[in-house]
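First comes the structure, then the notes that go with it.
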2 protein chains.
Amino acid sequence: MQRDTQQRRAIRRAIEDADRPLSPHEVLDAARAHCQGLGIATVYRTLKALVADEALAQVELPGEPPRYEATGKRHHHHFHCRACDRVYELDGCPEGLRHLTPVGFALESHEVVLYGRCAACAS
Amino acid sequence: MQRDTQQRRAIRRAIEDADRPLSPHEVLDAARAHCQGLGIATVYRTLKALVADEALAQVELPGEPPRYEATGKRHHHHFHCRACDRVYELDGCPEGLRHLTPVGFALESHEVVLYGRCAACAS
DNA sequence: CGCTTTTTGAGATTGGATTATCATTAAGCC
DNA sequence: GGCTTAATGATAATCCAATCTCAAAAAGCG
């Protein structure tokens, strides 16, 4: 039976409270505010279970460990800040992707990642 | 002094002959056609040196080891075939990327990756 | 061809992320 | 509050890409 533990509540809450996808270590740091002593193993276990339950989605980025965000959001993309390494959500989607697909290729999905400085780091 | 060895020729040629970015193992397989016995260590060493010389660029893709392609090409993006795992070059670039950037964020670059089936795998 | 020095290949090693182990802790039912 | 069992945390183990080690091979100069 699946128990409702302090650790799991803290992890779920850390992700809910963030408005951006978090890495396992970001989850650990944020969740420790509500559950001191939380271990990284529990973070990985819980993230994995939440992904299996489809409560979370893995956000894969080039050359980076995955981040995690709640499922059920509208289609969106991400901005990766080169200075603080945080990843932000972007609304919307560029036009003309289908136009890029070569003849004979079947387009199923796409990823767009913008790079630069977030508002906090751009100043 | 930098020597011109069979191994390096085979590696450079494998990349030249491919019209798409290759992973280290793809380079190994392709280059072995011209240099049997070639080792993976030499592939990694040579790729690293070619990147340092700016003859090659690393192509980073979400959740994947990097691929390598010749530098000096026009700005472009990539198509990742889910069936054969090969990566193809795409011409062109979608519109409206700057439009996605939140206020206060400084956009420096971007990546676009399309996913689906390549012509060989779509049939 | 000799000789020097770079390069190579096999296999060991590293590094970083993730997972497994297992004794201890704590949910949650009575 | 007891009791059963799932969950936890520290740490060891694993995984896999990439790098290092070092004896042996080969570039390339004279």
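We label chains A, B, ... in the order they appear in the structure tokens, count residues from 1 in each chain, and number ligands from 1 in the order shown.
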
Could the residues of chain B within 8 Å of chain C, counting only C-alpha atoms (C1' of nucleotides), be given as a ChimeraX atom specification, please?
/B:1-3,5,38-39,41-42

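By chain and then residue number, the residues within 8 Å of Pro24 (chain A) are Leu22, Glu26, Val27, Leu28, Ile40, Val43, Tyr44, Leu47, Arg67 and Tyr68 of chain A, counting only C-alpha atoms (C1' of nucleotides) and disregarding those fewer than 2 positions away in sequence.
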
Give as an mmCIF file with N, CA and C atoms (P, O5', C5', C4', C3', O3' and C1' of nucleotides), in the first residue's frame every residue of chain D that touches chain A within 10 Å, counting only C-alpha atoms (C1' of nucleotides).
```
data_model
loop_
_atom_site.group_PDB
_atom_site.id
_atom_site.type_symbol
_atom_site.label_atom_id
_atom_site.label_comp_id
_atom_site.auth_asym_id
_atom_site.auth_seq_id
_atom_site.Cartn_x
_atom_site.Cartn_y
_atom_site.Cartn_z
ATOM 1 P P DT D 5 2.551 -8.104 7.612
ATOM 2 O "O5'" DT D 5 3.008 -6.800 6.839
ATOM 3 C "C5'" DT D 5 2.034 -5.806 6.540
ATOM 4 C "C4'" DT D 5 2.739 -4.597 5.992
ATOM 5 C "C3'" DT D 5 3.823 -4.912 4.953
ATOM 6 O "O3'" DT D 5 3.732 -3.944 3.932
ATOM 7 C "C1'" DT D 5 4.723 -3.565 6.645
ATOM 8 P P DA D 6 4.350 -4.183 2.539
ATOM 9 O "O5'" DA D 6 4.479 -2.667 2.082
ATOM 10 C "C5'" DA D 6 3.401 -1.791 2.361
ATOM 11 C "C4'" DA D 6 3.941 -0.392 2.551
ATOM 12 C "C3'" DA D 6 4.875 0.062 1.445
ATOM 13 O "O3'" DA D 6 4.600 1.427 1.188
ATOM 14 C "C1'" DA D 6 6.026 0.112 3.512
ATOM 15 P P DA D 7 5.464 2.279 0.229
ATOM 16 O "O5'" DA D 7 6.515 2.952 1.212
ATOM 17 C "C5'" DA D 7 6.025 3.809 2.233
ATOM 18 C "C4'" DA D 7 7.181 4.578 2.828
ATOM 19 C "C3'" DA D 7 8.150 5.166 1.812
ATOM 20 O "O3'" DA D 7 8.412 6.494 2.192
ATOM 21 C "C1'" DA D 7 9.315 3.764 3.332
ATOM 22 P P DT D 8 9.435 7.377 1.441
ATOM 23 O "O5'" DT D 8 10.686 7.247 2.410
ATOM 24 C "C5'" DT D 8 10.549 7.658 3.766
ATOM 25 C "C4'" DT D 8 11.874 7.525 4.490
ATOM 26 C "C3'" DT D 8 13.044 8.186 3.773
ATOM 27 O "O3'" DT D 8 13.638 9.116 4.658
ATOM 28 C "C1'" DT D 8 13.566 5.948 4.416
ATOM 29 P P DG D 9 14.585 10.224 4.087
ATOM 30 O "O5'" DG D 9 15.989 9.601 4.496
ATOM 31 C "C5'" DG D 9 16.258 9.320 5.863
ATOM 32 C "C4'" DG D 9 17.658 8.755 5.991
ATOM 33 C "C3'" DG D 9 18.727 9.488 5.185
ATOM 34 O "O3'" DG D 9 19.915 9.437 5.957
ATOM 35 C "C1'" DG D 9 18.591 7.245 4.439
ATOM 36 P P DA D 10 21.085 10.420 5.729
ATOM 37 O "O5'" DA D 10 22.301 9.406 5.650
ATOM 38 C "C5'" DA D 10 22.477 8.447 6.697
ATOM 39 C "C4'" DA D 10 23.418 7.348 6.237
ATOM 40 C "C3'" DA D 10 24.620 7.829 5.426
ATOM 41 O "O3'" DA D 10 25.780 7.209 5.939
ATOM 42 C "C1'" DA D 10 23.415 6.178 4.215
#
```

Just list the residues in chain B DSSP gives strand (DSSP E or B) on the backbone, as a compact mmCIF listing (two decimals) with N, CA and C atoms, in the first residue's frame.
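Once everything was written out, this is states23.txt:
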```
# COMPACT_ATOMS: atom_id res chain seq x y z
N LEU B 22 27.27 12.31 -36.53
CA LEU B 22 27.52 10.94 -36.11
C LEU B 22 27.92 10.88 -34.64
N LEU B 56 35.26 20.35 -36.07
CA LEU B 56 34.00 19.67 -35.78
C LEU B 56 33.24 20.42 -34.69
N ALA B 57 31.93 20.26 -34.74
CA ALA B 57 31.08 20.81 -33.69
C ALA B 57 30.33 19.68 -33.02
N GLN B 58 30.17 19.80 -31.72
CA GLN B 58 29.35 18.85 -30.98
C GLN B 58 27.89 19.19 -31.17
N VAL B 59 27.10 18.19 -31.48
CA VAL B 59 25.65 18.38 -31.57
C VAL B 59 25.04 17.71 -30.35
N PRO B 62 18.73 16.16 -26.55
CA PRO B 62 18.17 15.79 -25.25
C PRO B 62 18.33 14.30 -24.96
N ARG B 67 26.54 14.05 -30.85
CA ARG B 67 26.96 13.70 -32.20
C ARG B 67 27.96 14.76 -32.66
N TYR B 68 28.64 14.45 -33.77
CA TYR B 68 29.66 15.37 -34.28
C TYR B 68 29.42 15.65 -35.75
N GLU B 69 29.56 16.90 -36.13
CA GLU B 69 29.40 17.28 -37.53
C GLU B 69 30.44 18.34 -37.88
N ALA B 70 30.71 18.48 -39.17
CA ALA B 70 31.69 19.47 -39.62
C ALA B 70 31.19 20.87 -39.29
N HIS B 77 19.04 22.91 -37.94
CA HIS B 77 18.61 22.11 -36.80
C HIS B 77 18.60 20.64 -37.18
N HIS B 78 18.01 19.80 -36.32
CA HIS B 78 18.15 18.36 -36.53
C HIS B 78 16.84 17.60 -36.34
N PHE B 79 16.80 16.47 -36.99
CA PHE B 79 15.68 15.55 -36.90
C PHE B 79 16.22 14.25 -36.32
N HIS B 80 15.57 13.79 -35.26
CA HIS B 80 16.03 12.57 -34.60
C HIS B 80 15.02 11.45 -34.86
N CYS B 81 15.43 10.43 -35.59
CA CYS B 81 14.52 9.32 -35.91
C CYS B 81 14.39 8.41 -34.70
N VAL B 87 20.41 10.82 -36.59
CA VAL B 87 20.10 12.24 -36.55
C VAL B 87 20.38 12.83 -37.92
N TYR B 88 19.44 13.62 -38.43
CA TYR B 88 19.56 14.21 -39.76
C TYR B 88 19.60 15.73 -39.65
N GLU B 89 20.21 16.32 -40.64
CA GLU B 89 20.21 17.78 -40.69
C GLU B 89 18.95 18.30 -41.33
N LEU B 90 18.51 19.44 -40.86
CA LEU B 90 17.36 20.11 -41.43
C LEU B 90 17.79 21.48 -41.91
N GLU B 95 10.09 30.35 -37.22
CA GLU B 95 9.89 31.80 -36.96
C GLU B 95 9.36 32.00 -35.55
N ALA B 106 17.32 37.53 -21.75
CA ALA B 106 18.17 37.81 -22.90
C ALA B 106 18.38 36.53 -23.70
N LEU B 107 17.87 36.52 -24.91
CA LEU B 107 17.98 35.34 -25.77
C LEU B 107 19.32 35.35 -26.49
N GLU B 108 20.06 34.27 -26.37
CA GLU B 108 21.37 34.19 -27.01
C GLU B 108 21.43 33.17 -28.13
N SER B 109 20.74 32.06 -27.96
CA SER B 109 20.74 31.05 -29.01
C SER B 109 19.57 30.11 -28.79
N HIS B 110 19.47 29.13 -29.64
CA HIS B 110 18.32 28.22 -29.53
C HIS B 110 18.63 26.90 -30.19
N GLU B 111 17.88 25.90 -29.80
CA GLU B 111 17.96 24.58 -30.44
C GLU B 111 16.55 24.12 -30.76
N VAL B 112 16.43 23.49 -31.91
CA VAL B 112 15.15 22.90 -32.30
C VAL B 112 15.45 21.46 -32.71
N VAL B 113 14.71 20.53 -32.15
CA VAL B 113 14.87 19.13 -32.52
C VAL B 113 13.51 18.57 -32.88
N LEU B 114 13.42 18.00 -34.07
CA LEU B 114 12.19 17.34 -34.49
C LEU B 114 12.36 15.84 -34.28
N TYR B 115 11.26 15.20 -33.91
CA TYR B 115 11.27 13.76 -33.67
C TYR B 115 10.25 13.07 -34.56
N GLY B 116 10.57 11.86 -34.95
CA GLY B 116 9.62 11.10 -35.76
C GLY B 116 10.32 9.94 -36.43
N ARG B 117 9.94 9.72 -37.68
CA ARG B 117 10.53 8.62 -38.45
C ARG B 117 11.18 9.18 -39.69
```

Which of these, A:Asp85, A:His75, A:Glu64, A:Ala52, has the shortest distance to chain B once you count only C-alpha atoms?
A:Glu64

Rounded to one decimal, what separation in Å do you get between CA of Lys48 (chain A) and CA of Arg20 (chain A)?
18.1 Å

Take CA of Gly96 (chain A) and CA of Thr101 (chain B) and report the distance between them in Å, one decimal.
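Rounded to one decimal, the two atoms are 17.4 Å apart.
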
d(CA of Pro65 (chain A), CA of Glu16 (chain A)) in Å
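CA of Pro65 (chain A) sits 19.9 Å away from CA of Glu16 (chain A).
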
DSSP on the backbone: which residues in region 3-104 of chain A end up as alpha helix (DSSP H)? Give the answer as number ranges by chain.
A: 6-17, 24-32, 40-52, 97-100

Between A:Arg74, A:Ala119, A:Ile11, A:Gly104, which is the closest to Asp91 (chain A) once you count only C-alpha atoms?
A:Arg74

Point out the residue among A:Cys84, A:Leu61, A:Cys35, A:Cys121 with the least atom-to-atom distance to chain B, counting only C-alpha atoms.
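The shortest atom-to-atom distance to chain B comes from A:Leu61.
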
Using only C-alpha atoms, which of the listed residues (B:Gln36, B:Arg86, B:Pro66, B:Ala30) sits closest to chain A?
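Residue with the minimum atom-to-atom distance to chain A: B:Pro66.
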
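Considering only C-alpha atoms, the residue among A:Gly72, A:Arg98, A:Ala83, A:Glu60 positioned nearest to chain B is A:Glu60.
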